[in-house]
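Source file data-v7.cif; content: mmCIF, N, CA and C atoms.
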```cif
data_protein
#
loop_
_atom_site.label_atom_id
_atom_site.label_comp_id
_atom_site.auth_asym_id
_atom_site.auth_seq_id
_atom_site.Cartn_x
_atom_site.Cartn_y
_atom_site.Cartn_z
N MET R 195 17.59 10.56 -25.80
CA MET R 195 16.53 10.11 -26.65
C MET R 195 15.94 11.35 -27.31
N LYS R 196 15.62 11.23 -28.59
CA LYS R 196 15.03 12.34 -29.34
C LYS R 196 13.55 12.10 -29.51
N LEU R 197 12.79 13.17 -29.36
CA LEU R 197 11.34 13.11 -29.56
C LEU R 197 10.92 14.22 -30.51
N ARG R 198 9.84 13.97 -31.22
CA ARG R 198 9.26 15.00 -32.08
C ARG R 198 7.94 15.42 -31.48
N ILE R 199 7.77 16.72 -31.32
CA ILE R 199 6.55 17.28 -30.75
C ILE R 199 5.97 18.27 -31.75
N THR R 200 4.67 18.16 -32.00
CA THR R 200 4.01 19.07 -32.93
C THR R 200 3.04 19.95 -32.16
N ILE R 201 3.23 21.26 -32.32
CA ILE R 201 2.36 22.24 -31.67
C ILE R 201 1.92 23.22 -32.75
N ASP R 202 0.61 23.37 -32.89
CA ASP R 202 0.05 24.28 -33.91
C ASP R 202 0.66 24.03 -35.28
N ASP R 203 0.68 22.78 -35.71
CA ASP R 203 1.19 22.37 -37.02
C ASP R 203 2.67 22.66 -37.24
N LYS R 204 3.40 22.96 -36.18
CA LYS R 204 4.83 23.19 -36.29
C LYS R 204 5.52 22.08 -35.49
N THR R 205 6.47 21.36 -36.13
CA THR R 205 7.13 20.22 -35.50
C THR R 205 8.47 20.64 -34.92
N TYR R 206 8.71 20.21 -33.67
CA TYR R 206 9.96 20.48 -32.98
C TYR R 206 10.62 19.14 -32.65
N GLU R 207 11.93 19.08 -32.76
CA GLU R 207 12.68 17.91 -32.35
C GLU R 207 13.40 18.26 -31.06
N VAL R 208 13.20 17.46 -30.02
CA VAL R 208 13.80 17.75 -28.72
C VAL R 208 14.59 16.55 -28.22
N ASP R 209 15.65 16.83 -27.47
CA ASP R 209 16.42 15.79 -26.81
C ASP R 209 15.88 15.65 -25.40
N VAL R 210 15.65 14.40 -24.97
CA VAL R 210 15.13 14.13 -23.63
C VAL R 210 16.13 13.25 -22.92
N GLU R 211 16.48 13.65 -21.71
CA GLU R 211 17.41 12.88 -20.89
C GLU R 211 16.62 12.11 -19.84
N VAL R 212 16.91 10.81 -19.70
CA VAL R 212 16.20 9.98 -18.72
C VAL R 212 16.78 10.24 -17.34
N ALA R 213 15.89 10.52 -16.38
CA ALA R 213 16.31 10.80 -15.01
C ALA R 213 16.60 9.50 -14.28
N GLU R 214 17.15 9.61 -13.07
CA GLU R 214 17.41 8.44 -12.24
C GLU R 214 16.13 7.70 -11.95
N THR R 215 16.24 6.40 -11.69
CA THR R 215 15.07 5.60 -11.37
C THR R 215 14.90 5.42 -9.87
N ASP R 216 15.72 6.08 -9.04
CA ASP R 216 15.59 5.96 -7.59
C ASP R 216 14.38 6.75 -7.14
N HIS R 217 13.30 6.03 -6.79
CA HIS R 217 12.04 6.67 -6.45
C HIS R 217 12.07 7.38 -5.11
N ALA R 218 13.00 7.03 -4.25
CA ALA R 218 13.07 7.66 -2.93
C ALA R 218 13.43 9.14 -3.04
N SER R 219 14.08 9.53 -4.13
CA SER R 219 14.50 10.92 -4.28
C SER R 219 13.47 11.77 -5.01
N LEU R 220 12.34 11.19 -5.40
CA LEU R 220 11.31 11.95 -6.10
C LEU R 220 10.61 12.92 -5.16
N PRO R 221 10.26 14.09 -5.64
CA PRO R 221 9.47 14.99 -4.80
C PRO R 221 8.07 14.41 -4.66
N PRO R 222 7.35 14.79 -3.60
CA PRO R 222 6.00 14.27 -3.42
C PRO R 222 5.10 14.67 -4.58
N ALA R 223 4.27 13.76 -5.03
CA ALA R 223 3.32 14.07 -6.09
C ALA R 223 2.11 14.80 -5.53
N TYR R 224 1.86 14.61 -4.25
CA TYR R 224 0.78 15.29 -3.55
C TYR R 224 1.41 16.12 -2.44
N PRO R 225 0.83 17.26 -2.09
CA PRO R 225 1.37 18.03 -0.97
C PRO R 225 1.42 17.17 0.29
N ILE R 226 2.37 17.45 1.13
CA ILE R 226 2.55 16.69 2.37
C ILE R 226 1.23 16.62 3.13
N GLY R 227 0.84 15.40 3.48
CA GLY R 227 -0.36 15.20 4.27
C GLY R 227 -1.63 15.02 3.47
N SER R 228 -1.60 15.28 2.16
CA SER R 228 -2.84 15.16 1.40
C SER R 228 -3.25 13.72 1.17
N ALA R 229 -2.32 12.78 1.37
CA ALA R 229 -2.67 11.37 1.18
C ALA R 229 -3.52 10.87 2.33
N ARG R 230 -3.60 11.61 3.41
CA ARG R 230 -4.41 11.21 4.57
C ARG R 230 -5.80 11.80 4.39
N LEU R 231 -6.80 10.95 4.28
CA LEU R 231 -8.16 11.40 4.05
C LEU R 231 -8.98 11.21 5.32
N ALA R 232 -8.55 11.82 6.39
CA ALA R 232 -9.21 11.65 7.68
C ALA R 232 -10.66 12.08 7.59
N GLY R 233 -11.53 11.27 8.19
CA GLY R 233 -12.94 11.62 8.28
C GLY R 233 -13.74 11.38 7.03
N SER R 234 -13.19 10.73 6.03
CA SER R 234 -13.94 10.48 4.81
C SER R 234 -14.87 9.29 5.02
N ALA R 235 -16.13 9.56 5.17
CA ALA R 235 -17.09 8.49 5.43
C ALA R 235 -17.18 7.54 4.26
N ALA R 236 -17.12 8.06 3.05
CA ALA R 236 -17.22 7.19 1.88
C ALA R 236 -16.07 6.21 1.82
N SER R 237 -14.86 6.69 2.07
CA SER R 237 -13.72 5.78 1.97
C SER R 237 -13.71 4.80 3.12
N SER R 238 -14.12 5.20 4.31
CA SER R 238 -14.14 4.29 5.45
C SER R 238 -15.17 3.20 5.28
N ALA R 239 -16.33 3.54 4.76
CA ALA R 239 -17.40 2.57 4.62
C ALA R 239 -17.18 1.66 3.41
N ALA R 240 -16.59 2.21 2.36
CA ALA R 240 -16.47 1.45 1.12
C ALA R 240 -15.31 0.48 1.12
N HIS R 241 -14.31 0.71 1.93
CA HIS R 241 -13.11 -0.10 1.90
C HIS R 241 -12.81 -0.68 3.26
N PRO R 242 -12.96 -1.99 3.40
CA PRO R 242 -12.66 -2.58 4.69
C PRO R 242 -11.19 -2.47 5.02
N ALA R 243 -10.88 -2.47 6.30
CA ALA R 243 -9.50 -2.40 6.74
C ALA R 243 -8.78 -3.68 6.34
N VAL R 244 -7.47 -3.60 6.18
CA VAL R 244 -6.67 -4.76 5.82
C VAL R 244 -6.84 -5.83 6.88
N GLY R 245 -6.99 -7.07 6.43
CA GLY R 245 -7.07 -8.17 7.36
C GLY R 245 -8.48 -8.49 7.84
N THR R 246 -9.51 -7.79 7.35
CA THR R 246 -10.86 -8.12 7.76
C THR R 246 -11.45 -9.10 6.76
N ALA R 247 -12.34 -9.94 7.22
CA ALA R 247 -12.98 -10.91 6.35
C ALA R 247 -14.02 -10.22 5.48
N ALA R 248 -14.22 -10.75 4.28
CA ALA R 248 -15.21 -10.18 3.38
C ALA R 248 -16.58 -10.26 4.03
N GLY R 249 -17.33 -9.18 3.96
CA GLY R 249 -18.66 -9.16 4.52
C GLY R 249 -18.72 -8.69 5.96
N SER R 250 -17.59 -8.70 6.66
CA SER R 250 -17.60 -8.23 8.04
C SER R 250 -17.41 -6.73 8.05
N PRO R 251 -17.90 -6.04 9.08
CA PRO R 251 -17.77 -4.58 9.10
C PRO R 251 -16.31 -4.16 9.23
N PRO R 252 -15.93 -3.06 8.57
CA PRO R 252 -14.55 -2.60 8.65
C PRO R 252 -14.20 -2.16 10.07
N VAL R 253 -12.95 -2.35 10.41
CA VAL R 253 -12.48 -1.93 11.73
C VAL R 253 -11.64 -0.67 11.52
N PRO R 254 -12.14 0.50 11.92
CA PRO R 254 -11.38 1.73 11.69
C PRO R 254 -10.16 1.78 12.61
N PRO R 255 -9.11 2.47 12.17
CA PRO R 255 -7.94 2.65 13.03
C PRO R 255 -8.35 3.38 14.31
N ALA R 256 -7.62 3.12 15.37
CA ALA R 256 -7.94 3.73 16.66
C ALA R 256 -7.87 5.25 16.61
N ASN R 257 -6.90 5.81 15.90
CA ASN R 257 -6.73 7.26 15.84
C ASN R 257 -6.58 7.67 14.38
N GLU R 258 -7.64 8.16 13.79
CA GLU R 258 -7.66 8.51 12.36
C GLU R 258 -6.61 9.56 12.01
N SER R 259 -6.18 10.37 12.97
CA SER R 259 -5.19 11.41 12.67
C SER R 259 -3.79 10.83 12.53
N LYS R 260 -3.62 9.53 12.81
CA LYS R 260 -2.30 8.91 12.73
C LYS R 260 -2.24 7.81 11.67
N VAL R 261 -2.91 8.05 10.54
CA VAL R 261 -2.85 7.11 9.43
C VAL R 261 -2.58 7.86 8.14
N CYS R 262 -2.10 7.13 7.16
CA CYS R 262 -1.91 7.67 5.81
C CYS R 262 -2.76 6.81 4.88
N ARG R 263 -3.74 7.43 4.23
CA ARG R 263 -4.64 6.71 3.32
C ARG R 263 -4.23 6.95 1.88
N SER R 264 -4.59 6.03 1.03
CA SER R 264 -4.26 6.14 -0.39
C SER R 264 -5.14 7.20 -1.07
N PRO R 265 -4.52 8.12 -1.79
CA PRO R 265 -5.30 9.14 -2.51
C PRO R 265 -5.86 8.62 -3.83
N VAL R 266 -5.35 7.46 -4.29
CA VAL R 266 -5.76 6.90 -5.58
C VAL R 266 -5.85 5.37 -5.48
N SER R 267 -6.56 4.76 -6.41
CA SER R 267 -6.56 3.31 -6.54
C SER R 267 -5.40 2.94 -7.45
N GLY R 268 -4.70 1.87 -7.13
CA GLY R 268 -3.58 1.46 -7.95
C GLY R 268 -2.86 0.26 -7.37
N VAL R 269 -1.60 0.11 -7.78
CA VAL R 269 -0.77 -1.01 -7.36
C VAL R 269 0.45 -0.46 -6.63
N VAL R 270 0.81 -1.10 -5.52
CA VAL R 270 2.00 -0.70 -4.78
C VAL R 270 3.22 -1.18 -5.58
N VAL R 271 4.06 -0.24 -6.00
CA VAL R 271 5.26 -0.56 -6.76
C VAL R 271 6.43 -0.83 -5.82
N LYS R 272 6.56 0.01 -4.80
CA LYS R 272 7.69 -0.09 -3.89
C LYS R 272 7.27 0.39 -2.50
N VAL R 273 7.72 -0.33 -1.48
CA VAL R 273 7.46 0.07 -0.09
C VAL R 273 8.77 0.57 0.50
N LEU R 274 8.78 1.81 0.95
CA LEU R 274 9.97 2.42 1.52
C LEU R 274 9.89 2.49 3.04
N ALA R 275 8.68 2.43 3.57
CA ALA R 275 8.46 2.53 5.02
C ALA R 275 8.66 1.17 5.69
N VAL R 276 9.21 1.20 6.90
CA VAL R 276 9.42 -0.01 7.69
C VAL R 276 8.87 0.24 9.09
N ALA R 277 8.05 -0.69 9.57
CA ALA R 277 7.48 -0.56 10.92
C ALA R 277 8.61 -0.40 11.93
N GLY R 278 8.44 0.56 12.84
CA GLY R 278 9.43 0.83 13.88
C GLY R 278 10.37 1.97 13.54
N ASN R 279 10.45 2.35 12.26
CA ASN R 279 11.33 3.45 11.86
C ASN R 279 10.73 4.80 12.21
N SER R 280 11.60 5.74 12.58
CA SER R 280 11.19 7.13 12.80
C SER R 280 11.19 7.83 11.46
N ILE R 281 10.20 8.68 11.24
CA ILE R 281 10.09 9.43 9.99
C ILE R 281 9.78 10.89 10.28
N GLU R 282 10.03 11.71 9.29
CA GLU R 282 9.69 13.13 9.33
C GLU R 282 8.57 13.38 8.33
N ALA R 283 7.81 14.43 8.53
CA ALA R 283 6.77 14.81 7.57
C ALA R 283 7.42 15.01 6.21
N GLY R 284 6.86 14.40 5.18
CA GLY R 284 7.38 14.53 3.83
C GLY R 284 8.27 13.38 3.40
N ASP R 285 8.66 12.50 4.33
CA ASP R 285 9.47 11.33 3.96
C ASP R 285 8.63 10.39 3.09
N SER R 286 9.27 9.76 2.11
CA SER R 286 8.58 8.82 1.22
C SER R 286 8.20 7.55 1.98
N LEU R 287 6.97 7.09 1.77
CA LEU R 287 6.47 5.88 2.42
C LEU R 287 6.28 4.75 1.41
N LEU R 288 5.60 5.04 0.32
CA LEU R 288 5.29 4.05 -0.71
C LEU R 288 5.29 4.72 -2.07
N LEU R 289 5.41 3.88 -3.09
CA LEU R 289 5.27 4.35 -4.46
C LEU R 289 4.12 3.57 -5.07
N LEU R 290 3.08 4.27 -5.53
CA LEU R 290 1.92 3.64 -6.14
C LEU R 290 1.91 3.91 -7.64
N GLU R 291 1.40 2.94 -8.40
CA GLU R 291 1.21 3.14 -9.83
C GLU R 291 -0.29 3.11 -10.11
N ALA R 292 -0.76 4.16 -10.76
CA ALA R 292 -2.17 4.25 -11.14
C ALA R 292 -2.24 4.87 -12.52
N MET R 293 -2.92 4.22 -13.42
CA MET R 293 -3.08 4.71 -14.79
C MET R 293 -1.72 5.02 -15.44
N LYS R 294 -0.77 4.12 -15.26
CA LYS R 294 0.57 4.21 -15.84
C LYS R 294 1.38 5.39 -15.32
N MET R 295 0.96 5.95 -14.18
CA MET R 295 1.70 7.04 -13.56
C MET R 295 2.08 6.61 -12.15
N GLU R 296 3.28 6.98 -11.72
CA GLU R 296 3.73 6.65 -10.38
C GLU R 296 3.48 7.83 -9.45
N THR R 297 2.97 7.52 -8.26
CA THR R 297 2.67 8.53 -7.26
C THR R 297 3.47 8.24 -6.00
N ASN R 298 4.27 9.18 -5.58
CA ASN R 298 5.08 9.06 -4.37
C ASN R 298 4.22 9.46 -3.18
N ILE R 299 3.95 8.52 -2.28
CA ILE R 299 3.14 8.79 -1.10
C ILE R 299 4.08 9.16 0.04
N THR R 300 3.85 10.32 0.65
CA THR R 300 4.73 10.83 1.69
C THR R 300 4.04 10.87 3.04
N ALA R 301 4.84 10.91 4.08
CA ALA R 301 4.33 10.94 5.46
C ALA R 301 3.62 12.27 5.72
N PRO R 302 2.40 12.22 6.25
CA PRO R 302 1.68 13.44 6.56
C PRO R 302 2.16 14.08 7.87
N LEU R 303 2.91 13.33 8.68
CA LEU R 303 3.36 13.84 9.97
C LEU R 303 4.65 13.14 10.37
N ALA R 304 5.36 13.73 11.33
CA ALA R 304 6.56 13.10 11.87
C ALA R 304 6.14 12.12 12.95
N GLY R 305 6.90 11.06 13.11
CA GLY R 305 6.57 10.08 14.14
C GLY R 305 7.26 8.76 13.90
N VAL R 306 6.67 7.70 14.43
CA VAL R 306 7.21 6.34 14.30
C VAL R 306 6.16 5.50 13.57
N ILE R 307 6.60 4.71 12.60
CA ILE R 307 5.69 3.87 11.84
C ILE R 307 5.27 2.68 12.70
N ALA R 308 3.96 2.51 12.87
CA ALA R 308 3.42 1.39 13.65
C ALA R 308 3.19 0.18 12.76
N ALA R 309 2.67 0.40 11.54
CA ALA R 309 2.37 -0.72 10.64
C ALA R 309 2.33 -0.24 9.20
N VAL R 310 2.81 -1.10 8.31
CA VAL R 310 2.69 -0.89 6.86
C VAL R 310 1.73 -1.99 6.40
N ASN R 311 0.58 -1.59 5.87
CA ASN R 311 -0.50 -2.54 5.60
C ASN R 311 -0.47 -3.19 4.22
N PHE R 312 0.45 -2.80 3.34
CA PHE R 312 0.52 -3.36 2.01
C PHE R 312 1.97 -3.65 1.65
N LYS R 313 2.16 -4.55 0.67
CA LYS R 313 3.49 -4.87 0.18
C LYS R 313 3.52 -4.65 -1.33
N ALA R 314 4.69 -4.64 -1.92
CA ALA R 314 4.83 -4.44 -3.36
C ALA R 314 3.99 -5.48 -4.10
N GLY R 315 3.26 -5.00 -5.10
CA GLY R 315 2.40 -5.87 -5.89
C GLY R 315 0.96 -5.88 -5.45
N ASP R 316 0.67 -5.39 -4.24
CA ASP R 316 -0.71 -5.36 -3.73
C ASP R 316 -1.51 -4.27 -4.44
N HIS R 317 -2.80 -4.54 -4.64
CA HIS R 317 -3.72 -3.55 -5.18
C HIS R 317 -4.34 -2.78 -4.02
N VAL R 318 -4.43 -1.46 -4.16
CA VAL R 318 -5.06 -0.62 -3.13
C VAL R 318 -6.18 0.18 -3.76
N GLN R 319 -7.14 0.54 -2.93
CA GLN R 319 -8.26 1.37 -3.36
C GLN R 319 -8.13 2.75 -2.72
N THR R 320 -8.75 3.73 -3.32
CA THR R 320 -8.77 5.07 -2.74
C THR R 320 -9.35 4.98 -1.32
N GLY R 321 -8.61 5.54 -0.36
CA GLY R 321 -9.07 5.55 1.02
C GLY R 321 -8.53 4.42 1.88
N ASP R 322 -7.88 3.41 1.27
CA ASP R 322 -7.29 2.34 2.07
C ASP R 322 -6.20 2.90 2.98
N VAL R 323 -6.09 2.39 4.20
CA VAL R 323 -5.05 2.81 5.11
C VAL R 323 -3.75 2.13 4.70
N LEU R 324 -2.81 2.91 4.20
CA LEU R 324 -1.53 2.37 3.76
C LEU R 324 -0.57 2.16 4.91
N VAL R 325 -0.45 3.20 5.76
CA VAL R 325 0.50 3.19 6.86
C VAL R 325 -0.16 3.75 8.11
N GLU R 326 0.16 3.14 9.26
CA GLU R 326 -0.33 3.63 10.55
C GLU R 326 0.87 4.11 11.35
N PHE R 327 0.67 5.16 12.16
CA PHE R 327 1.73 5.75 12.95
C PHE R 327 1.44 5.60 14.44
N LYS R 328 2.50 5.58 15.25
CA LYS R 328 2.34 5.50 16.71
C LYS R 328 2.07 6.88 17.25
#
```
What does this structure look like when you write it as structure tokens?
Amino acid sequence: MKLRITIDDKTYEVDVEVAETDHASLPPAYPIGSARLAGSAASSAAHPAVGTAAGSPPVPPANESKVCRSPVSGVVVKVLAVAGNSIEAGDSLLLLEAMKMETNITAPLAGVIAAVNFKAGDHVQTGDVLVEFK
């Protein structure tokens, strides 16, 4: 595909090659572990845990150091994590779309996935617990 780019009133024509669409091979958009917002009072209070009734107090995970929280609000495009699977730090867990950009969410630690709290098409808010680890 050819694109025209103008910089300082000078126009350049460039050829752009489309990369693979396999999201599992994308490098992390955030450094490993940055998707986990442990201890964030604002995110814990503002966003109830998955499965709680509206108006009821949120139920925090038993061990905040073993969860992966969403760094952005958006829509889950693809779920790569499966409960019961062993993972390594940096493995892809989910792909989120926010503001027309895709964000690859990676595991902050090695371990076993206990629960995946969202499915493709679900809307998530900043601070929501996406994945819990054993």
Just to confirm, what's the straight-line distance from CA of Ala304 (chain R) to atom C of Ser259 (chain R) in Å (one decimal)?
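Atom C of Ser259 (chain R) lies 10.6 Å from CA of Ala304 (chain R).
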For Gly315 (chain R), the closest of R:Met295, R:Leu289, R:Val210, R:Val276 counting only C-alpha atoms is R:Leu289
Please compute the atom N of Val271 (chain R)-CA of Glu211 (chain R) distance, one decimal, in Å.
23.9 Å
Using Å and a single decimal, report how far CA of Glu207 (chain R) sits from atom N of Met195 (chain R).
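We find that atom N of Met195 (chain R) and CA of Glu207 (chain R) lie 11.0 Å from each other.
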For the provided coordinates, the residues matched by the PyMOL selection byres ((chain R and resi 262-269) around 5) should be stated as an mmCIF file with N, CA and C atoms, in the frame of the given file.
```cif
data_model
loop_
_atom_site.group_PDB
_atom_site.id
_atom_site.type_symbol
_atom_site.label_atom_id
_atom_site.label_comp_id
_atom_site.auth_asym_id
_atom_site.auth_seq_id
_atom_site.Cartn_x
_atom_site.Cartn_y
_atom_site.Cartn_z
ATOM 1 N N ALA R 229 -2.320 12.780 1.370
ATOM 2 C CA ALA R 229 -2.670 11.370 1.180
ATOM 3 C C ALA R 229 -3.520 10.870 2.330
ATOM 4 N N ARG R 230 -3.600 11.610 3.410
ATOM 5 C CA ARG R 230 -4.410 11.210 4.570
ATOM 6 C C ARG R 230 -5.800 11.800 4.390
ATOM 7 N N LEU R 231 -6.800 10.950 4.280
ATOM 8 C CA LEU R 231 -8.160 11.400 4.050
ATOM 9 C C LEU R 231 -8.980 11.210 5.320
ATOM 10 N N LYS R 260 -3.620 9.530 12.810
ATOM 11 C CA LYS R 260 -2.300 8.910 12.730
ATOM 12 C C LYS R 260 -2.240 7.810 11.670
ATOM 13 N N VAL R 261 -2.910 8.050 10.540
ATOM 14 C CA VAL R 261 -2.850 7.110 9.430
ATOM 15 C C VAL R 261 -2.580 7.860 8.140
ATOM 16 N N VAL R 270 0.810 -1.100 -5.520
ATOM 17 C CA VAL R 270 2.000 -0.700 -4.780
ATOM 18 C C VAL R 270 3.220 -1.180 -5.580
ATOM 19 N N VAL R 271 4.060 -0.240 -6.000
ATOM 20 C CA VAL R 271 5.260 -0.560 -6.760
ATOM 21 C C VAL R 271 6.430 -0.830 -5.820
ATOM 22 N N LEU R 290 3.080 4.270 -5.530
ATOM 23 C CA LEU R 290 1.920 3.640 -6.140
ATOM 24 C C LEU R 290 1.910 3.910 -7.640
ATOM 25 N N GLU R 291 1.400 2.940 -8.400
ATOM 26 C CA GLU R 291 1.210 3.140 -9.830
ATOM 27 C C GLU R 291 -0.290 3.110 -10.110
ATOM 28 N N ALA R 292 -0.760 4.160 -10.760
ATOM 29 C CA ALA R 292 -2.170 4.250 -11.140
ATOM 30 C C ALA R 292 -2.240 4.870 -12.520
ATOM 31 N N ASP R 316 0.670 -5.390 -4.240
ATOM 32 C CA ASP R 316 -0.710 -5.360 -3.730
ATOM 33 C C ASP R 316 -1.510 -4.270 -4.440
ATOM 34 N N HIS R 317 -2.800 -4.540 -4.640
ATOM 35 C CA HIS R 317 -3.720 -3.550 -5.180
ATOM 36 C C HIS R 317 -4.340 -2.780 -4.020
ATOM 37 N N VAL R 318 -4.430 -1.460 -4.160
ATOM 38 C CA VAL R 318 -5.060 -0.620 -3.130
ATOM 39 C C VAL R 318 -6.180 0.180 -3.760
ATOM 40 N N GLN R 319 -7.140 0.540 -2.930
ATOM 41 C CA GLN R 319 -8.260 1.370 -3.360
ATOM 42 C C GLN R 319 -8.130 2.750 -2.720
ATOM 43 N N THR R 320 -8.750 3.730 -3.320
ATOM 44 C CA THR R 320 -8.770 5.070 -2.740
ATOM 45 C C THR R 320 -9.350 4.980 -1.320
ATOM 46 N N GLY R 321 -8.610 5.540 -0.360
ATOM 47 C CA GLY R 321 -9.070 5.550 1.020
ATOM 48 C C GLY R 321 -8.530 4.420 1.880
ATOM 49 N N ASP R 322 -7.880 3.410 1.270
ATOM 50 C CA ASP R 322 -7.290 2.340 2.070
ATOM 51 C C ASP R 322 -6.200 2.900 2.980
ATOM 52 N N VAL R 323 -6.090 2.390 4.200
ATOM 53 C CA VAL R 323 -5.050 2.810 5.110
ATOM 54 C C VAL R 323 -3.750 2.130 4.700
ATOM 55 N N LEU R 324 -2.810 2.910 4.200
ATOM 56 C CA LEU R 324 -1.530 2.370 3.760
ATOM 57 C C LEU R 324 -0.570 2.160 4.910
ATOM 58 N N VAL R 325 -0.450 3.200 5.760
ATOM 59 C CA VAL R 325 0.500 3.190 6.860
ATOM 60 C C VAL R 325 -0.160 3.750 8.110
#
```
For the provided coordinates, the residues matched by the PyMOL selection byres (((chain R and resi 280 and name CA) around 8) and name CA) should be stated as a PDB file with N, CA and C atoms, in the frame of the given file.
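This went into out01.pdb:
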```pdb
ATOM      1  N   GLY R 278       8.440   0.560  12.840  1.00  0.00           N
ATOM      2  CA  GLY R 278       9.430   0.830  13.880  1.00  0.00           C
ATOM      3  C   GLY R 278      10.370   1.970  13.540  1.00  0.00           C
ATOM      4  N   ASN R 279      10.450   2.350  12.260  1.00  0.00           N
ATOM      5  CA  ASN R 279      11.330   3.450  11.860  1.00  0.00           C
ATOM      6  C   ASN R 279      10.730   4.800  12.210  1.00  0.00           C
ATOM      7  N   ILE R 281      10.200   8.680  11.240  1.00  0.00           N
ATOM      8  CA  ILE R 281      10.090   9.430   9.990  1.00  0.00           C
ATOM      9  C   ILE R 281       9.780  10.890  10.280  1.00  0.00           C
ATOM     10  N   GLU R 282      10.030  11.710   9.290  1.00  0.00           N
ATOM     11  CA  GLU R 282       9.690  13.130   9.330  1.00  0.00           C
ATOM     12  C   GLU R 282       8.570  13.380   8.330  1.00  0.00           C
ATOM     13  N   ALA R 304       5.360  13.730  11.330  1.00  0.00           N
ATOM     14  CA  ALA R 304       6.560  13.100  11.870  1.00  0.00           C
ATOM     15  C   ALA R 304       6.140  12.120  12.950  1.00  0.00           C
ATOM     16  N   GLY R 305       6.900  11.060  13.110  1.00  0.00           N
ATOM     17  CA  GLY R 305       6.570  10.080  14.140  1.00  0.00           C
ATOM     18  C   GLY R 305       7.260   8.760  13.900  1.00  0.00           C
ATOM     19  N   VAL R 306       6.670   7.700  14.430  1.00  0.00           N
ATOM     20  CA  VAL R 306       7.210   6.340  14.300  1.00  0.00           C
ATOM     21  C   VAL R 306       6.160   5.500  13.570  1.00  0.00           C
ATOM     22  N   ILE R 307       6.600   4.710  12.600  1.00  0.00           N
ATOM     23  CA  ILE R 307       5.690   3.870  11.840  1.00  0.00           C
ATOM     24  C   ILE R 307       5.270   2.680  12.700  1.00  0.00           C
TER      25      ILE R 307
END
```
Within 7 Å of file point (8.8, 0.1, -0.5), counting all atoms listed in the file, expressed as a list in words:
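Answer for this query, in the requested form: Val271, Lys272, Val273, Leu274, Ala275, Leu287, Leu288, Leu289 and Ala314 of chain R.
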Would you output region 303-315 of chain R from that structure, restricted to N, CA and C atoms, as a short mmCIF file (atom, residue, chain, number, x, y, z; two decimals), in the first residue's frame?
```
data_model
loop_
_atom_site.label_atom_id
_atom_site.label_comp_id
_atom_site.auth_asym_id
_atom_site.auth_seq_id
_atom_site.Cartn_x
_atom_site.Cartn_y
_atom_site.Cartn_z
N LEU R 303 3.40 -11.99 35.89
CA LEU R 303 4.19 -12.97 36.63
C LEU R 303 3.96 -14.36 36.04
N ALA R 304 4.85 -15.29 36.37
CA ALA R 304 4.69 -16.68 35.94
C ALA R 304 3.77 -17.37 36.93
N GLY R 305 3.02 -18.34 36.45
CA GLY R 305 2.12 -19.07 37.34
C GLY R 305 1.06 -19.81 36.58
N VAL R 306 -0.06 -20.07 37.25
CA VAL R 306 -1.19 -20.78 36.66
C VAL R 306 -2.39 -19.84 36.69
N ILE R 307 -3.13 -19.77 35.60
CA ILE R 307 -4.30 -18.91 35.52
C ILE R 307 -5.44 -19.53 36.32
N ALA R 308 -5.97 -18.77 37.27
CA ALA R 308 -7.10 -19.25 38.09
C ALA R 308 -8.42 -18.89 37.43
N ALA R 309 -8.53 -17.68 36.87
CA ALA R 309 -9.79 -17.24 36.26
C ALA R 309 -9.53 -16.14 35.25
N VAL R 310 -10.31 -16.17 34.17
CA VAL R 310 -10.34 -15.10 33.18
C VAL R 310 -11.71 -14.47 33.33
N ASN R 311 -11.76 -13.20 33.70
CA ASN R 311 -13.02 -12.56 34.09
C ASN R 311 -13.79 -11.90 32.96
N PHE R 312 -13.26 -11.87 31.75
CA PHE R 312 -13.94 -11.24 30.63
C PHE R 312 -13.82 -12.12 29.39
N LYS R 313 -14.73 -11.91 28.44
CA LYS R 313 -14.70 -12.63 27.17
C LYS R 313 -14.67 -11.61 26.04
N ALA R 314 -14.38 -12.06 24.84
CA ALA R 314 -14.33 -11.18 23.67
C ALA R 314 -15.66 -10.44 23.54
N GLY R 315 -15.56 -9.14 23.31
CA GLY R 315 -16.74 -8.29 23.17
C GLY R 315 -17.13 -7.57 24.43
#
```
